[in-house]
Each structure stands twice: as C-alpha cells, then as structure tokens.
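input.pdb follows (PDB, C-alpha atoms):
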MODEL        1
ATOM      1  CA  MET Q   1      24.378  28.172  65.296
ATOM      2  CA  ARG Q   2      27.228  30.615  65.672
ATOM      3  CA  ARG Q   3      28.728  31.206  69.100
ATOM      4  CA  ARG Q   4      27.533  34.460  70.666
ATOM      5  CA  PRO Q   5      30.388  36.890  71.293
ATOM      6  CA  THR Q   6      30.643  39.184  74.287
ATOM      7  CA  ARG Q   7      31.371  42.751  73.242
ATOM      8  CA  GLU Q   8      29.843  46.245  73.111
ATOM      9  CA  CYS Q   9      26.140  46.386  72.172
ATOM     10  CA  GLY Q  10      25.509  48.549  69.113
ATOM     11  CA  LEU Q  11      22.683  50.415  70.873
ATOM     12  CA  CYS Q  12      23.222  50.687  74.641
ATOM     13  CA  ARG Q  13      27.035  50.382  74.405
ATOM     14  CA  ASN Q  14      27.167  48.008  77.396
ATOM     15  CA  ILE Q  15      29.459  44.992  77.217
ATOM     16  CA  ALA Q  16      27.202  41.946  76.939
ATOM     17  CA  GLN Q  17      26.660  38.711  75.079
ATOM     18  CA  LEU Q  18      25.245  39.741  71.679
ATOM     19  CA  CYS Q  19      22.339  38.299  69.712
ATOM     20  CA  ASP Q  20      22.672  37.231  66.088
ATOM     21  CA  SER Q  21      20.479  40.159  65.008
ATOM     22  CA  HIS Q  22      18.643  40.411  61.693
ATOM     23  CA  LEU Q  23      19.637  43.762  60.235
ATOM     24  CA  MET Q  24      16.279  43.879  58.476
ATOM     25  CA  PRO Q  25      13.186  42.044  59.796
ATOM     26  CA  ALA Q  26      12.357  38.834  57.934
ATOM     27  CA  ALA Q  27       8.868  40.171  57.131
ATOM     28  CA  VAL Q  28      10.383  43.136  55.283
ATOM     29  CA  TYR Q  29      12.885  40.911  53.513
ATOM     30  CA  ARG Q  30      10.037  38.706  52.212
ATOM     31  CA  THR Q  31       8.388  41.734  50.572
ATOM     32  CA  LEU Q  32      11.561  42.394  48.573
ATOM     33  CA  ARG Q  33      11.387  39.011  46.860
ATOM     34  CA  SER Q  34      10.141  39.123  43.269
ATOM     35  CA  ARG Q  35       6.942  37.270  42.476
ATOM     36  CA  THR Q  36       7.807  36.927  38.776
ATOM     37  CA  ALA Q  37      11.595  36.687  38.326
ATOM     38  CA  ARG Q  38      13.387  33.373  37.839
ATOM     39  CA  ASN Q  39      15.599  34.255  40.810
ATOM     40  CA  PRO Q  40      13.210  35.969  43.255
ATOM     41  CA  ASN Q  41      15.863  37.006  45.773
ATOM     42  CA  PRO Q  42      16.734  40.664  46.368
ATOM     43  CA  LEU Q  43      19.908  42.138  44.928
ATOM     44  CA  THR Q  44      22.639  43.159  47.324
ATOM     45  CA  PHE Q  45      25.149  45.770  46.244
ATOM     46  CA  GLY Q  46      28.450  46.836  47.705
ATOM     47  CA  ARG Q  47      31.727  48.293  46.565
ATOM     48  CA  GLY Q  48      32.711  46.176  43.602
ATOM     49  CA  PHE Q  49      30.109  43.428  44.039
ATOM     50  CA  ALA Q  50      26.466  42.579  43.483
ATOM     51  CA  PHE Q  51      24.687  39.300  44.206
ATOM     52  CA  GLN Q  52      21.292  37.779  44.881
ATOM     53  CA  SER Q  53      20.669  35.712  47.983
ATOM     54  CA  SER Q  54      17.820  34.298  50.020
ATOM     55  CA  ALA Q  55      19.906  34.633  53.190
ATOM     56  CA  PRO Q  56      18.956  37.623  55.338
ATOM     57  CA  PHE Q  57      21.706  39.884  56.640
ATOM     58  CA  LYS Q  58      22.597  39.089  60.219
ATOM     59  CA  ASP Q  59      25.360  40.105  62.548
ATOM     60  CA  PHE Q  60      26.084  40.076  66.246
ATOM     61  CA  LEU Q  61      24.939  43.608  67.011
ATOM     62  CA  LEU Q  62      22.544  43.961  69.976
ATOM     63  CA  CYS Q  63      22.349  42.559  73.508
ATOM     64  CA  ASP Q  64      19.248  40.607  74.566
ATOM     65  CA  GLY Q  65      17.668  43.643  76.246
ATOM     66  CA  CYS Q  66      18.105  45.981  73.280
ATOM     67  CA  GLU Q  67      16.994  43.312  70.800
ATOM     68  CA  THR Q  68      13.767  42.885  72.812
ATOM     69  CA  LYS Q  69      13.196  46.640  73.222
ATOM     70  CA  LEU Q  70      13.681  47.281  69.518
ATOM     71  CA  ARG Q  71      11.270  44.505  68.579
ATOM     72  CA  GLU Q  72       8.570  45.322  71.150
ATOM     73  CA  ASN Q  73       8.778  49.133  70.942
ATOM     74  CA  GLY Q  74       9.201  49.607  67.223
ATOM     75  CA  GLU Q  75       9.567  46.668  64.893
ATOM     76  CA  ASP Q  76       6.325  44.900  65.900
ATOM     77  CA  TYR Q  77       4.305  48.138  65.538
ATOM     78  CA  VAL Q  78       5.825  49.113  62.194
ATOM     79  CA  LEU Q  79       5.341  45.654  60.724
ATOM     80  CA  ALA Q  80       1.726  45.503  61.925
ATOM     81  CA  ASN Q  81       0.911  48.958  60.518
ATOM     82  CA  CYS Q  82       2.708  49.180  57.180
ATOM     83  CA  LEU Q  83       1.931  47.759  53.772
ATOM     84  CA  LEU Q  84       3.695  44.434  53.589
TER      85      LEU Q  84
ENDMDL
END
Would you write the structure of this file as structure tokens?
Amino acid sequence: MRRRPTRECGLCRNIAQLCDSHLMPAAVYRTLRSRTARNPNPLTFGRGFAFQSSAPFKDFLLCDGCETKLRENGEDYVLANCLL
C-alpha cells in the first residue's frame, strides 16, 4: 500500500490526507473488459503511447470526506441505475 500524502484535495481544496482514489469505479472498469478478445483489458491512450492493462487508474486525489460524499451521493446511485 502506498503512503497517503497530505496535500490539497481535488474537490474541496482543503489540505488533508488523501485517499488512493479510483479515477473510474471498478464496476465501470469491469464493463470495459472484452468478453471475446485474447487480451480482455481496456486500451489506454495518451500522447505517444497506447497499452492494455488490468490495473485501474488510481491517484491520490480526494480526502476521506469527499471520497465518501462522491461515493454515497453519486457513484452508488449511478452504478445501481445504469446498464452495467
């Protein structure tokens, strides 16, 4: 486990210890995996690179409070009510 840094939260802008936040919920990431390809992992593109990986994107972005608010007041509802 990576050490949690203390810096500005990407949402509330308060200085706090940050969570290792998934930039896309794991449930959404699973839907992007191919059911038929030899390598089922999603493609990731950037400037001058492209690769496939099973590792979800994560970064230290949100404080505990904002991580919880985002999950409880948005992510949980969207995931429960969309076609996954």
Residues around (19.5, 40.7, 41.6), cut-off 10 Å, counting all atoms listed in the file - what are they as an MDAnalysis selection string? chainID Q and resid 33:34 37 39:45 50:53
Among Q:Lys58, Q:Gly48, Q:Thr36, Q:Pro5, Ser21 of chain Q is approached most closely, using all atoms listed in the file, by Q:Lys58
Nearest residue to Gly65 of chain Q from the set Q:Asn14, Q:Leu79, Q:Arg47, Q:Thr6 (distances using all atoms listed in the file): Q:Asn14
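Atom CA of Thr31 of chain Q is positioned 22.0 Å from atom CA of Glu67 of chain Q.
If you measure from each of Q:Ser54, Q:Arg13, Q:Arg7, Q:Lys69 to Tyr29 of chain Q using all atoms listed in the file, the closest one turns out to be Q:Ser54.
Residue membership of the PyMOL selection byres ((chain Q and resi 20) around 10) in the shown file amounts to Met1, Arg2, Arg3, Arg4, Pro5, Gln17, Leu18, Cys19, Ser21, His22, Leu23, Phe57, Lys58, Asp59, Phe60, Leu61, Leu62, Cys63, Asp64 and Glu67 of chain Q.
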Please indicate the distance in Å from atom CA of Ala27 of chain Q to atom CA of Ile15 of chain Q, rounded to one decimal place. 29.2 Å
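Candidate residues Q:Ala55, Q:Arg38, Q:Pro25, Q:Leu32 were compared for distance to Leu70 of chain Q, and the nearest is Q:Pro25, using all atoms listed in the file.
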Find the residue from Q:Ala16, Q:Met24, Q:Glu8, Q:Phe49 that sits nearest to Arg71 of chain Q; use all atoms listed in the file when measuring. Q:Met24
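Here atom CA of Asn73 of chain Q and atom CA of Pro56 of chain Q stand 21.9 Å from one another.
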Would you compute an axis-aligned box for segment 61-66 of chain Q, covering every atom listed for it in the file with 5 Å of margin on each side, and report centre and edge lengths in Å to one decimal as AutoDock Vina command-line options?
--center_x 21.3 --center_y 43.3 --center_z 71.6 --size_x 17.3 --size_y 15.4 --size_z 19.2
